[in-house]
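Asker: Before we start, here is the structure in question, set down as structure tokens.
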Amino acid sequence: MNHAASASAEEEIIALSLDKFRWKTSGRIDLVEALFDDDLHFVHITGHVSSKQEWIEELRSGRFVYNRIEPRGASVAVEGDRATLRGKAVFTVTMGGHRGQYRLAFTEVYVRKPAGWKLVELLTSTY
């Protein structure tokens with residue numbers, strides 16, 4: 001992949017990640033679901049691993065609500081049809097009726113598929 005194509009893919013991944021945050025806070029779970037690969041693995045700050053189906057159900061049920069997400073920067077490495085984004089953000093969420101704020105570092109792994117980029121792995125930790 002040439003440098004221009006790589007830079008374009010990096011910009012596309014950063015835009016997708018920011019879109020995902022906007023969709024989560026505006027309740028557009030349908031768009032989040034479309035971005036998630038069917039084999040998504042989401043490793044939460046607790047170490048619990050959710051599948052796509054499990055996490056989408058949590059969001060749809062209202063048991064977990066993203067109230068606000070404030071990105072604090074991200075970088076992307078693209079290798080062929082695989083991109084890894086590493087970033088930080090402050091998440092304000094409501095879990096089980098309790099609101100809290102979390103400073104999280106995250107890694108998002110995307111794979112380019114015929115339908116476009118899909119999020120296949122999401123790992124979070126506090127910082």
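If you're wondering about the labels, chains in the structure tokens are A, B, ... by order shown, residues count from 1 in each chain, ligands from 1 in order shown.
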Excluding same-chain residues fewer than 5 positions from range 67-73 of chain A, what lies within 12 Å of it counting only C-alpha atoms, as number ranges by chain?

Answerer: A: 14-15, 17-27, 59, 62, 85-95, 97-106, 127

Asker: Pick the closest to Leu122 in chain A from A:Asp39, A:His44, A:Val76, A:Val65: which is it, counting only C-alpha atoms?

Answerer: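 When distances to Leu122 in chain A are compared using only C-alpha atoms, the smallest one comes from A:His44.
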
Asker: Which one is closest to Glu12 in chain A: A:His48, A:Lys118, A:Gln53, A:Leu123? Count only C-alpha atoms.

Answerer: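 The closest residue to Glu12 in chain A is A:Lys118.
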
Asker: Using the chain letters and numbers from this document, which residues of range 17-126 of chain A does DSSP assign to alpha helix (DSSP H), as a list in words?

Answerer: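 Matching residues, listed in order: Ser17, Leu18, Asp19, Lys20, Phe21, Arg22, Trp23, Lys24, Thr25, Ile29, Asp30, Leu31, Val32, Glu33, Ala34, Leu35, Lys52, Gln53, Glu54, Trp55, Ile56, Glu57, Glu58, Leu59, Arg60 and Ser61 of chain A.
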
Asker: Would you mind listing what lies within 10 Å of Lys113 in chain A as number ranges by chain, with only C-alpha atoms counted and same-chain residues fewer than 2 positions away left out?

Answerer: A: 37, 81-82, 110-111, 115-118

Asker: Generate the output file for the selected residues, all heavy atoms, as a PDB file, in the first residue's frame.

Answerer:
```
ATOM      1  N   ASP A  37     -18.364  -6.138  13.542  1.00  0.00           N
ATOM      2  CA  ASP A  37     -18.295  -7.418  12.851  1.00  0.00           C
ATOM      3  C   ASP A  37     -19.107  -8.441  13.641  1.00  0.00           C
ATOM      4  O   ASP A  37     -19.212  -8.353  14.868  1.00  0.00           O
ATOM      5  CB  ASP A  37     -16.837  -7.867  12.752  1.00  0.00           C
ATOM      6  CG  ASP A  37     -16.677  -9.090  11.885  1.00  0.00           C
ATOM      7  OD1 ASP A  37     -16.807  -8.962  10.650  1.00  0.00           O
ATOM      8  OD2 ASP A  37     -16.433 -10.177  12.447  1.00  0.00           O
ATOM      9  N   ASP A  81      -5.320  -4.842   4.897  1.00  0.00           N
ATOM     10  CA  ASP A  81      -6.746  -4.745   5.191  1.00  0.00           C
ATOM     11  C   ASP A  81      -7.035  -4.776   6.688  1.00  0.00           C
ATOM     12  O   ASP A  81      -8.148  -5.104   7.108  1.00  0.00           O
ATOM     13  CB  ASP A  81      -7.510  -5.885   4.498  1.00  0.00           C
ATOM     14  CG  ASP A  81      -7.579  -5.670   2.989  1.00  0.00           C
ATOM     15  OD1 ASP A  81      -7.456  -4.508   2.543  1.00  0.00           O
ATOM     16  OD2 ASP A  81      -7.745  -6.663   2.264  1.00  0.00           O
ATOM     17  N   ARG A  82      -6.042  -4.431   7.503  1.00  0.00           N
ATOM     18  CA  ARG A  82      -6.203  -4.431   8.961  1.00  0.00           C
ATOM     19  C   ARG A  82      -5.712  -3.090   9.501  1.00  0.00           C
ATOM     20  O   ARG A  82      -4.654  -2.603   9.112  1.00  0.00           O
ATOM     21  CB  ARG A  82      -5.398  -5.570   9.569  1.00  0.00           C
ATOM     22  CG  ARG A  82      -5.580  -5.756  11.044  1.00  0.00           C
ATOM     23  CD  ARG A  82      -4.772  -6.993  11.488  1.00  0.00           C
ATOM     24  NE  ARG A  82      -4.902  -7.230  12.889  1.00  0.00           N
ATOM     25  CZ  ARG A  82      -5.837  -7.979  13.458  1.00  0.00           C
ATOM     26  NH1 ARG A  82      -6.754  -8.564  12.718  1.00  0.00           N
ATOM     27  NH2 ARG A  82      -5.871  -8.143  14.762  1.00  0.00           N
ATOM     28  N   TYR A 110      -9.840  -2.954  13.255  1.00  0.00           N
ATOM     29  CA  TYR A 110     -10.764  -2.989  12.121  1.00  0.00           C
ATOM     30  C   TYR A 110     -10.185  -3.865  11.025  1.00  0.00           C
ATOM     31  O   TYR A 110      -8.971  -3.902  10.825  1.00  0.00           O
ATOM     32  CB  TYR A 110     -10.963  -1.580  11.544  1.00  0.00           C
ATOM     33  CG  TYR A 110     -11.649  -0.615  12.472  1.00  0.00           C
ATOM     34  CD1 TYR A 110     -10.929   0.076  13.450  1.00  0.00           C
ATOM     35  CD2 TYR A 110     -13.006  -0.367  12.363  1.00  0.00           C
ATOM     36  CE1 TYR A 110     -11.559   0.985  14.294  1.00  0.00           C
ATOM     37  CE2 TYR A 110     -13.638   0.534  13.205  1.00  0.00           C
ATOM     38  CZ  TYR A 110     -12.914   1.209  14.167  1.00  0.00           C
ATOM     39  OH  TYR A 110     -13.529   2.098  15.000  1.00  0.00           O
ATOM     40  N   VAL A 111     -11.075  -4.540  10.297  1.00  0.00           N
ATOM     41  CA  VAL A 111     -10.678  -5.326   9.127  1.00  0.00           C
ATOM     42  C   VAL A 111     -11.537  -4.863   7.956  1.00  0.00           C
ATOM     43  O   VAL A 111     -12.757  -4.691   8.095  1.00  0.00           O
ATOM     44  CB  VAL A 111     -10.875  -6.844   9.388  1.00  0.00           C
ATOM     45  CG1 VAL A 111     -10.636  -7.650   8.123  1.00  0.00           C
ATOM     46  CG2 VAL A 111      -9.948  -7.313  10.502  1.00  0.00           C
ATOM     47  N   ALA A 115     -17.983  -5.330   2.515  1.00  0.00           N
ATOM     48  CA  ALA A 115     -18.968  -4.301   2.872  1.00  0.00           C
ATOM     49  C   ALA A 115     -18.323  -3.061   3.491  1.00  0.00           C
ATOM     50  O   ALA A 115     -19.022  -2.153   3.917  1.00  0.00           O
ATOM     51  CB  ALA A 115     -19.994  -4.892   3.838  1.00  0.00           C
ATOM     52  N   GLY A 116     -16.991  -3.032   3.588  1.00  0.00           N
ATOM     53  CA  GLY A 116     -16.296  -1.895   4.180  1.00  0.00           C
ATOM     54  C   GLY A 116     -15.596  -2.303   5.471  1.00  0.00           C
ATOM     55  O   GLY A 116     -15.501  -3.479   5.809  1.00  0.00           O
ATOM     56  N   TRP A 117     -15.088  -1.312   6.201  1.00  0.00           N
ATOM     57  CA  TRP A 117     -14.382  -1.578   7.451  1.00  0.00           C
ATOM     58  C   TRP A 117     -15.350  -2.072   8.514  1.00  0.00           C
ATOM     59  O   TRP A 117     -16.432  -1.513   8.686  1.00  0.00           O
ATOM     60  CB  TRP A 117     -13.706  -0.303   7.957  1.00  0.00           C
ATOM     61  CG  TRP A 117     -12.540   0.142   7.144  1.00  0.00           C
ATOM     62  CD1 TRP A 117     -12.527   1.168   6.234  1.00  0.00           C
ATOM     63  CD2 TRP A 117     -11.215  -0.395   7.165  1.00  0.00           C
ATOM     64  NE1 TRP A 117     -11.276   1.276   5.684  1.00  0.00           N
ATOM     65  CE2 TRP A 117     -10.443   0.337   6.244  1.00  0.00           C
ATOM     66  CE3 TRP A 117     -10.602  -1.436   7.873  1.00  0.00           C
ATOM     67  CZ2 TRP A 117      -9.098   0.088   6.012  1.00  0.00           C
ATOM     68  CZ3 TRP A 117      -9.260  -1.685   7.645  1.00  0.00           C
ATOM     69  CH2 TRP A 117      -8.526  -0.944   6.724  1.00  0.00           C
ATOM     70  N   LYS A 118     -14.937  -3.114   9.240  1.00  0.00           N
ATOM     71  CA  LYS A 118     -15.729  -3.661  10.348  1.00  0.00           C
ATOM     72  C   LYS A 118     -14.857  -3.696  11.593  1.00  0.00           C
ATOM     73  O   LYS A 118     -13.673  -4.061  11.533  1.00  0.00           O
ATOM     74  CB  LYS A 118     -16.219  -5.087  10.032  1.00  0.00           C
ATOM     75  CG  LYS A 118     -17.204  -5.159   8.885  1.00  0.00           C
ATOM     76  CD  LYS A 118     -18.519  -4.535   9.269  1.00  0.00           C
ATOM     77  CE  LYS A 118     -19.551  -4.695   8.166  1.00  0.00           C
ATOM     78  NZ  LYS A 118     -20.837  -4.125   8.559  1.00  0.00           N
TER      79      LYS A 118
END
```

Asker: Give me, please, the distance in Å between CA of Arg112 in chain A and CA of Ile13 in chain A, quoted to one decimal.

Answerer: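 Going from CA of Arg112 in chain A over to CA of Ile13 in chain A covers 10.3 Å.
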
Asker: Name the residues of chain A that come out as strand (DSSP E or B) in a backbone DSSP run; write them as a PyMOL selection string.

Answerer: chain A and resi 36-43+49-51+64-79+82-95+98-113+116-126
